[in-house]
>>> print(open('model.cif').read())   # mmCIF, C-alpha atoms
data_data
loop_
_atom_site.label_atom_id
_atom_site.label_comp_id
_atom_site.auth_asym_id
_atom_site.auth_seq_id
_atom_site.Cartn_x
_atom_site.Cartn_y
_atom_site.Cartn_z
CA MET Y 130 25.34 18.80 28.03
CA LYS Y 131 27.70 17.76 25.27
CA ARG Y 132 26.14 17.76 21.85
CA GLY Y 133 25.92 14.19 20.60
CA GLY Y 134 26.92 12.77 23.97
CA VAL Y 135 24.99 10.06 25.80
CA ALA Y 136 22.86 12.53 27.75
CA SER Y 137 21.77 14.57 24.73
CA MET Y 138 21.04 11.39 22.78
CA GLY Y 139 18.86 10.21 25.64
CA VAL Y 140 16.97 13.49 25.65
CA LEU Y 141 16.39 13.30 21.90
CA LEU Y 142 15.23 9.69 22.14
CA ALA Y 143 12.82 10.59 24.94
CA LEU Y 144 11.53 13.49 22.87
CA ALA Y 145 10.98 11.22 19.87
CA MET Y 146 9.06 8.74 22.03
CA VAL Y 147 6.89 11.43 23.59
CA LEU Y 148 6.08 12.81 20.15
CA SER Y 149 5.14 9.31 18.89
CA TYR Y 150 2.95 8.79 21.92
CA ALA Y 151 1.28 12.19 21.64
CA GLU Y 152 0.55 11.52 17.99
CA SER Y 153 -0.94 8.10 18.73
CA LEU Y 154 -3.39 9.79 21.13
CA VAL Y 155 -4.76 12.16 18.52
CA PRO Y 156 -6.93 10.20 16.14
CA VAL Y 157 -6.23 12.37 13.12
CA GLN Y 158 -7.56 10.54 10.11
CA PHE Y 159 -7.02 12.16 6.78
CA PHE Y 160 -8.55 10.57 3.73
CA LEU Y 161 -6.68 7.30 4.23
CA PRO Y 162 -6.01 5.43 7.46
CA GLY Y 163 -2.31 5.56 8.22
CA ILE Y 164 -1.52 8.96 6.79
CA LYS Y 165 -0.13 11.01 9.60
CA LEU Y 166 2.36 13.74 10.28
CA GLY Y 167 5.06 11.55 11.78
CA LEU Y 168 6.05 14.07 14.43
CA ALA Y 169 8.80 11.82 15.77
CA ASN Y 170 10.63 12.36 12.50
CA LEU Y 171 11.17 15.92 13.61
CA VAL Y 172 13.73 14.56 16.06
CA ILE Y 173 15.36 12.37 13.42
CA PHE Y 174 15.54 15.32 11.05
CA ILE Y 175 17.19 17.55 13.65
CA ALA Y 176 19.59 14.79 14.70
CA LEU Y 177 20.57 14.28 11.07
CA TYR Y 178 21.39 17.95 10.59
CA GLU Y 179 22.71 18.93 14.03
CA LEU Y 180 24.50 15.71 14.94
CA ASP Y 181 25.42 13.10 12.34
CA ALA Y 182 23.93 10.21 10.33
CA PRO Y 183 24.94 7.32 12.65
CA ARG Y 184 23.47 9.09 15.68
CA ALA Y 185 20.25 9.92 13.83
CA LEU Y 186 19.94 6.29 12.71
CA LEU Y 187 20.54 5.05 16.26
CA ILE Y 188 17.80 7.31 17.64
CA SER Y 189 15.43 6.24 14.87
CA LEU Y 190 15.94 2.52 15.48
CA MET Y 191 15.80 2.82 19.28
CA ARG Y 192 12.58 4.79 19.01
CA LEU Y 193 11.01 2.13 16.77
CA LEU Y 194 11.99 -0.64 19.17
CA LEU Y 195 10.79 1.18 22.29
CA VAL Y 196 7.52 2.31 20.70
CA ALA Y 197 6.79 -1.23 19.50
CA PHE Y 198 7.30 -2.63 23.00
CA THR Y 199 5.36 0.07 24.82
CA PHE Y 200 2.31 1.10 22.81
CA GLY Y 201 2.85 -0.29 19.31
CA SER Y 202 2.87 -3.81 17.98
CA LEU Y 203 5.28 -6.14 16.28
CA PHE Y 204 3.61 -5.48 12.95
CA SER Y 205 3.71 -1.74 13.34
CA MET Y 206 7.41 -2.17 14.02
CA LEU Y 207 7.95 -4.16 10.81
CA TYR Y 208 6.21 -1.54 8.71
CA GLY Y 209 7.87 1.26 10.60
CA LEU Y 210 11.29 -0.34 10.17
CA ALA Y 211 10.88 -0.64 6.40
CA GLY Y 212 9.76 2.98 6.19
CA ALA Y 213 12.41 4.32 8.54
CA LEU Y 214 15.31 2.51 6.88
CA LEU Y 215 14.41 3.48 3.31
CA SER Y 216 13.63 7.04 4.29
CA PHE Y 217 16.85 7.32 6.25
CA ALA Y 218 18.98 5.98 3.40
CA VAL Y 219 17.36 8.38 0.93
CA MET Y 220 17.75 11.38 3.22
CA VAL Y 221 21.42 10.66 3.94
CA LEU Y 222 22.17 10.29 0.23
CA LEU Y 223 20.33 13.51 -0.65
CA LYS Y 224 22.04 15.40 2.14
CA LYS Y 225 25.46 14.13 0.98
CA THR Y 226 24.99 15.70 -2.47
CA ASP Y 227 24.75 19.11 -0.75
CA LYS Y 228 22.44 20.30 -3.52
CA PHE Y 229 19.13 20.26 -1.70
CA ALA Y 230 17.55 22.40 0.99
CA PRO Y 231 16.80 20.56 4.27
CA VAL Y 232 13.07 20.94 3.61
CA THR Y 233 13.42 19.07 0.32
CA VAL Y 234 15.44 16.33 2.01
CA SER Y 235 12.68 15.98 4.59
CA ALA Y 236 9.94 15.95 1.93
CA VAL Y 237 11.63 13.20 -0.08
CA GLY Y 238 12.30 11.39 3.17
CA GLY Y 239 8.58 11.48 3.96
CA ALA Y 240 7.66 10.12 0.53
CA SER Y 241 10.22 7.32 0.71
CA HIS Y 242 9.06 6.46 4.22
CA ASN Y 243 5.63 5.68 2.80
CA VAL Y 244 7.11 3.82 -0.17
CA GLY Y 245 9.08 1.65 2.23
CA GLN Y 246 5.94 0.84 4.18
CA ILE Y 247 4.03 -0.07 1.04
CA ILE Y 248 6.85 -2.36 -0.04
CA ALA Y 249 6.74 -4.06 3.35
CA ALA Y 250 2.96 -4.36 3.17
CA VAL Y 251 3.10 -5.88 -0.33
CA LEU Y 252 5.74 -8.39 0.82
CA ILE Y 253 3.85 -9.32 3.99
CA THR Y 254 0.36 -9.61 2.49
CA LYS Y 255 1.67 -10.84 -0.90
CA SER Y 256 -0.83 -8.66 -2.74
CA GLY Y 257 0.63 -6.32 -5.30
CA GLY Y 258 -2.74 -4.59 -5.50
CA LEU Y 259 -1.73 -2.45 -2.53
CA ALA Y 260 0.42 -0.43 -4.92
CA VAL Y 261 -2.80 1.40 -5.78
CA TYR Y 262 -2.19 3.47 -2.64
CA LEU Y 263 1.21 4.63 -3.90
CA PRO Y 264 0.09 7.93 -5.50
CA VAL Y 265 -1.82 9.06 -2.41
CA LEU Y 266 0.97 7.98 -0.10
CA LEU Y 267 3.63 9.72 -2.21
CA VAL Y 268 1.78 13.02 -2.04
CA GLY Y 269 0.93 12.52 1.64
CA GLY Y 270 4.58 11.77 2.41
CA VAL Y 271 5.78 14.88 0.60
CA VAL Y 272 3.25 17.06 2.43
CA SER Y 273 4.06 15.73 5.90
CA GLY Y 274 7.78 15.79 5.05
CA ILE Y 275 7.53 19.48 4.15
CA CYS Y 276 5.71 20.21 7.42
CA ILE Y 277 8.37 18.38 9.42
CA GLY Y 278 11.14 20.10 7.45
CA LEU Y 279 9.71 23.59 8.01
CA LEU Y 280 9.17 22.93 11.73
CA GLY Y 281 12.65 21.47 12.00
CA GLU Y 282 14.23 24.48 10.33
CA VAL Y 283 12.51 26.84 12.78
CA LEU Y 284 13.66 24.72 15.72
CA ARG Y 285 17.21 24.52 14.40
CA LYS Y 286 17.39 28.30 14.15
CA ARG Y 287 15.89 28.99 17.57
CA VAL Y 288 17.43 26.18 19.59
CA PHE Y 289 20.64 25.12 17.94
CA ALA Y 290 21.99 28.26 16.25
CA LYS Y 291 24.80 29.78 18.27
CA MET D 518 15.77 28.49 3.93
CA LYS D 519 15.47 28.89 0.21
CA LEU D 520 14.31 26.47 -2.40
CA ARG D 521 16.51 26.46 -5.47
CA ARG D 522 16.34 24.76 -8.83
CA PRO D 523 17.32 21.24 -7.75
CA ASP D 524 14.77 21.32 -4.93
CA ILE D 525 11.93 22.37 -7.18
CA LEU D 526 12.93 19.81 -9.84
CA LEU D 527 13.11 16.90 -7.39
CA LEU D 528 9.83 17.72 -5.67
CA SER D 529 7.98 18.19 -8.94
CA ALA D 530 9.42 14.90 -10.20
CA ILE D 531 7.91 13.08 -7.21
CA LEU D 532 4.55 14.77 -7.61
CA LEU D 533 4.60 14.03 -11.34
CA ALA D 534 5.34 10.37 -10.58
CA ALA D 535 2.37 10.31 -8.20
CA VAL D 536 0.07 11.79 -10.83
CA LEU D 537 1.29 9.33 -13.50
CA LEU D 538 0.83 6.38 -11.17
CA TRP D 539 -2.63 7.58 -10.27
CA ALA D 540 -3.56 7.93 -13.95
CA PHE D 541 -2.17 4.46 -14.64
CA PHE D 542 -4.21 2.83 -11.88
CA ALA D 543 -7.32 4.81 -12.79
CA LEU D 544 -7.11 3.73 -16.42
CA ARG D 545 -6.53 0.12 -15.51
CA SER D 546 -9.42 -0.17 -13.09
CA SER D 547 -11.86 1.38 -15.58
CA GLY D 548 -10.91 -1.32 -18.10
CA PRO D 549 -13.33 -4.00 -19.24
CA GLN D 550 -15.16 -5.67 -16.40
CA ARG D 551 -14.59 -9.34 -15.83
CA THR D 552 -17.52 -11.66 -15.88
CA VAL D 553 -18.26 -15.11 -14.63
CA ARG D 554 -19.86 -17.16 -17.38
CA VAL D 555 -21.59 -20.43 -16.74
CA LEU D 556 -21.88 -22.80 -19.68
CA CYS D 557 -23.91 -25.99 -19.79
CA ASP D 558 -23.52 -28.28 -22.78
CA GLY D 559 -21.48 -25.46 -24.34
CA LYS D 560 -24.33 -22.97 -24.11
CA GLU D 561 -24.25 -19.96 -21.84
CA ILE D 562 -26.88 -20.32 -19.15
CA ALA D 563 -25.79 -17.46 -16.88
CA ALA D 564 -23.31 -14.58 -16.63
CA TYR D 565 -22.54 -12.44 -13.58
CA PRO D 566 -20.04 -9.64 -12.93
CA LEU D 567 -17.11 -10.91 -10.86
CA SER D 568 -17.13 -7.73 -8.80
CA GLU D 569 -20.52 -8.33 -7.20
CA ASP D 570 -20.93 -10.81 -4.37
CA ARG D 571 -23.77 -13.22 -4.93
CA GLU D 572 -24.82 -16.82 -4.62
CA GLU D 573 -26.88 -18.59 -7.28
CA LEU D 574 -28.47 -22.01 -7.39
CA LEU D 575 -28.30 -23.24 -10.97
CA THR D 576 -30.55 -26.01 -12.11
CA THR D 577 -29.71 -27.86 -15.30
CA PRO D 578 -31.21 -30.99 -16.80
CA TYR D 579 -28.32 -32.88 -15.19
CA GLY D 580 -28.68 -31.57 -11.62
CA ILE D 581 -27.92 -28.60 -9.43
CA ASN D 582 -24.81 -26.52 -8.83
CA ARG D 583 -24.50 -23.65 -6.39
CA VAL D 584 -22.14 -20.93 -7.61
CA LYS D 585 -20.82 -18.39 -5.15
CA ILE D 586 -19.08 -15.15 -6.08
CA GLU D 587 -17.37 -13.43 -3.19
CA GLY D 588 -14.59 -10.84 -3.06
CA GLY D 589 -13.59 -11.28 -6.71
CA LYS D 590 -13.44 -15.06 -6.42
CA VAL D 591 -15.82 -17.64 -7.74
CA ARG D 592 -16.34 -21.19 -6.55
CA VAL D 593 -18.88 -23.95 -6.66
CA THR D 594 -20.11 -24.53 -3.12
CA GLU D 595 -22.63 -27.27 -3.65
CA ALA D 596 -23.50 -29.83 -6.29
CA ASP D 597 -25.43 -33.07 -6.47
CA CYS D 598 -23.00 -34.67 -8.89
CA PRO D 599 -21.36 -37.95 -7.87
CA ASP D 600 -17.70 -36.89 -7.71
CA LYS D 601 -17.98 -33.33 -6.31
CA LEU D 602 -14.76 -32.36 -8.09
CA CYS D 603 -16.23 -28.95 -8.86
CA VAL D 604 -16.88 -28.34 -5.16
CA TYR D 605 -13.35 -29.35 -4.18
CA HIS D 606 -11.84 -27.16 -6.88
CA PRO D 607 -10.14 -24.07 -5.39
CA ALA D 608 -11.76 -20.71 -6.05
CA ALA D 609 -11.04 -19.18 -9.45
CA THR D 610 -9.85 -15.59 -9.53
CA ARG D 611 -7.96 -15.00 -12.79
CA SER D 612 -9.26 -14.46 -16.28
CA GLY D 613 -9.39 -17.72 -18.16
CA GLU D 614 -9.57 -19.85 -15.04
CA MET D 615 -12.41 -22.32 -15.01
CA ILE D 616 -14.14 -24.77 -12.75
CA VAL D 617 -15.63 -27.77 -14.48
CA CYS D 618 -18.36 -30.12 -13.35
CA LEU D 619 -18.05 -32.95 -15.84
CA PRO D 620 -21.08 -35.03 -14.79
CA HIS D 621 -23.29 -31.95 -15.26
CA LYS D 622 -21.43 -30.77 -18.37
CA LEU D 623 -21.11 -27.46 -16.60
CA VAL D 624 -18.26 -24.95 -16.97
CA VAL D 625 -17.82 -21.89 -14.76
CA GLN D 626 -15.21 -19.58 -16.19
CA ILE D 627 -13.87 -16.07 -15.69
CA GLU D 628 -13.57 -13.94 -18.78
CA ASP D 629 -12.09 -10.59 -19.58
CA GLY D 630 -14.85 -8.31 -20.73
CA LYS D 631 -12.93 -7.74 -23.95
CA THR D 632 -14.92 -10.05 -26.19
CA ASP D 633 -18.55 -9.28 -26.76
CA PRO D 634 -20.49 -12.12 -25.17
CA ALA D 635 -23.24 -11.64 -27.76
CA LEU D 636 -20.92 -12.81 -30.53
CA PRO D 637 -20.66 -16.53 -31.15
CA ASP D 638 -17.31 -18.08 -30.27
CA GLY D 639 -15.70 -21.46 -30.66
CA VAL D 640 -17.70 -23.00 -27.83
CA ALA D 641 -21.14 -21.65 -28.72
CA ARG D 642 -20.77 -22.45 -32.44
#
>>> encode(input="model.cif", output="C-alpha cells")
Amino acid sequence: MKRGGVASMGVLLALAMVLSYAESLVPVQFFLPGIKLGLANLVIFIALYELDAPRALLISLMRLLLVAFTFGSLFSMLYGLAGALLSFAVMVLLKKTDKFAPVTVSAVGGASHNVGQIIAAVLITKSGGLAVYLPVLLVGGVVSGICIGLLGEVLRKRVFAK
Amino acid sequence: MKLRRPDILLLSAILLAAVLLWAFFALRSSGPQRTVRVLCDGKEIAAYPLSEDREELLTTPYGINRVKIEGGKVRVTEADCPDKLCVYHPAATRSGEMIVCLPHKLVVQIEDGKTDPALPDGVAR
C-alpha cells in the first residue's frame, strides 16, 4: 500500500471514523459536557506528520462530513468544523517553524480546537457570555492534546518507523 | 521525544492565559450584584436581586402591576392600567434599563449594585 495513496487515505479515514464512533459510545463526562479526548485527532496528527498537510486536512474534513451524516448532526458539524479548521491552521503553522516537539503541536492544536468551537458557539448563539468556559476549555484542550500527541508518537515509532 | 525550551514556553503561556482568563471572569462575576428597583411616585417600594427568579404582585394606590424576574430579565406581565404599555415593553436586562407604567407612576429599573440604595439620590430627594 503506497503511503499517501488512495488506499492508505481510505484506511486512515475509516480509522478516524471508527475512533469517533467508539468515542461517541463511551459517555465520558468530565467536569463539563463536551470535554473529550478527541481520539479521531490521533489520525489527523499522524497524517500531518507521516503524510502531509493537504492530506491531513482532507481526512479531517471528510471525517467531519461523514460523521455528521451518520451519527452526528448538522450543528455538531458546524462546531466541529470551526474547531477542526482553527486547530489545523495552528498546528500546520507551529509545525512549519520546526521549533516545537510534535506533542506540543498537538497540545496547542487541542487548545485551539476548543477555542474555535467556542468562537462558533458565541457566533451562533450570539451570547458572549459563553467565553466564561474559555479557561476550562483551554486547559482541557491542552491535556487532551498532550494525550493524543503522546499516543501518536508511540504509534509513529512502532508503526511508521522504518 | 523531548520537550525543549520553546515547547515549555508555549505550553506555559497557554496555561497562564487560562489562569488569567479564569481570574478575570471570577473577579467580574463577584462584582456588585444587580438589583431590580421598583419606584412609585419616586419612592422605592420594592427591590429584588436580578439573579433570583420570582414573581411579585405589587399593589399601589393607583392599581396593580405584576413584576416577573426570570433568567436575569425583568418584565411587567400584568397591570390594570388603561394603556398596558408597561406590559408590552420588552424585558429589561441591562443596568439602567427601565420599564415605566405612567398611569401608575411606577418605574421598574435595573441598577448596578454600586450605589448604596440606602443613600438618597436625585429621585428620592
>>> interface_residues(input="model.cif", of="chain Y", to="chain D", cutoff="7 Å", atoms="all atoms listed in the file", output="VMD selection string")
chain Y and resid 228 to 230 233 261 264 267 to 268
>>> write_last_selection(input="model.cif", atoms="C-alpha atoms", output="short mmCIF file (atom, residue, chain, number, x, y, z; two decimals), in the coordinates of the input")
data_model
loop_
_atom_site.label_atom_id
_atom_site.label_comp_id
_atom_site.auth_asym_id
_atom_site.auth_seq_id
_atom_site.Cartn_x
_atom_site.Cartn_y
_atom_site.Cartn_z
CA LYS Y 228 22.44 20.30 -3.52
CA PHE Y 229 19.13 20.26 -1.70
CA ALA Y 230 17.55 22.40 0.99
CA THR Y 233 13.42 19.07 0.32
CA VAL Y 261 -2.80 1.40 -5.78
CA PRO Y 264 0.09 7.93 -5.50
CA LEU Y 267 3.63 9.72 -2.21
CA VAL Y 268 1.78 13.02 -2.04
#
>>> residues_around(input="model.cif", residues="segment 133-146 of chain Y", least_positions_apart="6", cutoff="10 Å", atoms="only C-alpha atoms", output="count of residues only")
24
>>> resolve_selection(input="model.cif", expression="the PyMOL selection byres ((chain D and resi 551-563) around 10)", output="PyMOL selection string")
chain D and resi 548-550+564-569+573+575-579+584+586+589-591+609-619+621-631+634+639-642
>>> write_last_selection(input="model.cif", atoms="C-alpha atoms", output="mmCIF file, in the coordinates of the input")
data_model
loop_
_atom_site.group_PDB
_atom_site.id
_atom_site.type_symbol
_atom_site.label_atom_id
_atom_site.label_comp_id
_atom_site.auth_asym_id
_atom_site.auth_seq_id
_atom_site.Cartn_x
_atom_site.Cartn_y
_atom_site.Cartn_z
ATOM 1 C CA GLY D 548 -10.910 -1.320 -18.100
ATOM 2 C CA PRO D 549 -13.330 -4.000 -19.240
ATOM 3 C CA GLN D 550 -15.160 -5.670 -16.400
ATOM 4 C CA ALA D 564 -23.310 -14.580 -16.630
ATOM 5 C CA TYR D 565 -22.540 -12.440 -13.580
ATOM 6 C CA PRO D 566 -20.040 -9.640 -12.930
ATOM 7 C CA LEU D 567 -17.110 -10.910 -10.860
ATOM 8 C CA SER D 568 -17.130 -7.730 -8.800
ATOM 9 C CA GLU D 569 -20.520 -8.330 -7.200
ATOM 10 C CA GLU D 573 -26.880 -18.590 -7.280
ATOM 11 C CA LEU D 575 -28.300 -23.240 -10.970
ATOM 12 C CA THR D 576 -30.550 -26.010 -12.110
ATOM 13 C CA THR D 577 -29.710 -27.860 -15.300
ATOM 14 C CA PRO D 578 -31.210 -30.990 -16.800
ATOM 15 C CA TYR D 579 -28.320 -32.880 -15.190
ATOM 16 C CA VAL D 584 -22.140 -20.930 -7.610
ATOM 17 C CA ILE D 586 -19.080 -15.150 -6.080
ATOM 18 C CA GLY D 589 -13.590 -11.280 -6.710
ATOM 19 C CA LYS D 590 -13.440 -15.060 -6.420
ATOM 20 C CA VAL D 591 -15.820 -17.640 -7.740
ATOM 21 C CA ALA D 609 -11.040 -19.180 -9.450
ATOM 22 C CA THR D 610 -9.850 -15.590 -9.530
ATOM 23 C CA ARG D 611 -7.960 -15.000 -12.790
ATOM 24 C CA SER D 612 -9.260 -14.460 -16.280
ATOM 25 C CA GLY D 613 -9.390 -17.720 -18.160
ATOM 26 C CA GLU D 614 -9.570 -19.850 -15.040
ATOM 27 C CA MET D 615 -12.410 -22.320 -15.010
ATOM 28 C CA ILE D 616 -14.140 -24.770 -12.750
ATOM 29 C CA VAL D 617 -15.630 -27.770 -14.480
ATOM 30 C CA CYS D 618 -18.360 -30.120 -13.350
ATOM 31 C CA LEU D 619 -18.050 -32.950 -15.840
ATOM 32 C CA HIS D 621 -23.290 -31.950 -15.260
ATOM 33 C CA LYS D 622 -21.430 -30.770 -18.370
ATOM 34 C CA LEU D 623 -21.110 -27.460 -16.600
ATOM 35 C CA VAL D 624 -18.260 -24.950 -16.970
ATOM 36 C CA VAL D 625 -17.820 -21.890 -14.760
ATOM 37 C CA GLN D 626 -15.210 -19.580 -16.190
ATOM 38 C CA ILE D 627 -13.870 -16.070 -15.690
ATOM 39 C CA GLU D 628 -13.570 -13.940 -18.780
ATOM 40 C CA ASP D 629 -12.090 -10.590 -19.580
ATOM 41 C CA GLY D 630 -14.850 -8.310 -20.730
ATOM 42 C CA LYS D 631 -12.930 -7.740 -23.950
ATOM 43 C CA PRO D 634 -20.490 -12.120 -25.170
ATOM 44 C CA GLY D 639 -15.700 -21.460 -30.660
ATOM 45 C CA VAL D 640 -17.700 -23.000 -27.830
ATOM 46 C CA ALA D 641 -21.140 -21.650 -28.720
ATOM 47 C CA ARG D 642 -20.770 -22.450 -32.440
#
>>> atom_distance(input="model.cif", atom1="atom CA of Gly274 of chain Y", atom2="atom CA of Ala260 of chain Y")
20.4 Å
>>> axis_aligned_box(input="model.cif", around="segment 597-602 of chain D", padding_each_side="8 Å", output="AutoDock Vina command-line options")
--center_x -20.1 --center_y -35.2 --center_z -7.6 --size_x 26.7 --size_y 21.6 --size_z 18.6
>>> resolve_selection(input="model.cif", expression="the PyMOL selection byres ((chain Y and resi 224) around 12)", output="list in words")
Phe174, Leu177, Tyr178, Asp181, Ala182, Phe217, Ala218, Val219, Met220, Val221, Leu222, Leu223, Lys225, Thr226, Asp227, Lys228, Phe229, Ala230, Pro231, Val232, Thr233, Val234, Ser235, Val237 and Gly238 of chain Y; Asp524 of chain D
>>> residues_around(input="model.cif", residues="Pro599 of chain D", least_positions_apart="3", cutoff="9 Å", atoms="only C-alpha atoms", output="MDAnalysis selection string")
chainID D and resid 596 602 620
>>> atom_distance(input="model.cif", atom1="atom CA of Ala240 of chain Y", atom2="atom CA of Gly209 of chain Y")
13.4 Å
>>> atom_distance(input="model.cif", atom1="atom CA of Ile164 of chain Y", atom2="atom CA of Tyr150 of chain Y")
15.8 Å
>>> resolve_selection(input="model.cif", expression="the PyMOL selection byres ((chain D and resi 595) around 8)", output="list of chain:residue names")
D:Ile581, D:Asn582, D:Arg583, D:Val584, D:Val593, D:Thr594, D:Ala596, D:Asp597, D:Val604
>>> write_last_selection(input="model.cif", atoms="C-alpha atoms", output="CSV table (one decimal), in the coordinates of the input")
chain,number,residue,atom,x,y,z
D,581,ILE,CA,-27.9,-28.6,-9.4
D,582,ASN,CA,-24.8,-26.5,-8.8
D,583,ARG,CA,-24.5,-23.6,-6.4
D,584,VAL,CA,-22.1,-20.9,-7.6
D,593,VAL,CA,-18.9,-24.0,-6.7
D,594,THR,CA,-20.1,-24.5,-3.1
D,596,ALA,CA,-23.5,-29.8,-6.3
D,597,ASP,CA,-25.4,-33.1,-6.5
D,604,VAL,CA,-16.9,-28.3,-5.2
>>> residues_around(input="model.cif", residues="Ala250 of chain Y", least_positions_apart="4", cutoff="8 Å", atoms="only C-alpha atoms", output="VMD selection string")
chain Y and resid 208 246 254 to 255 259
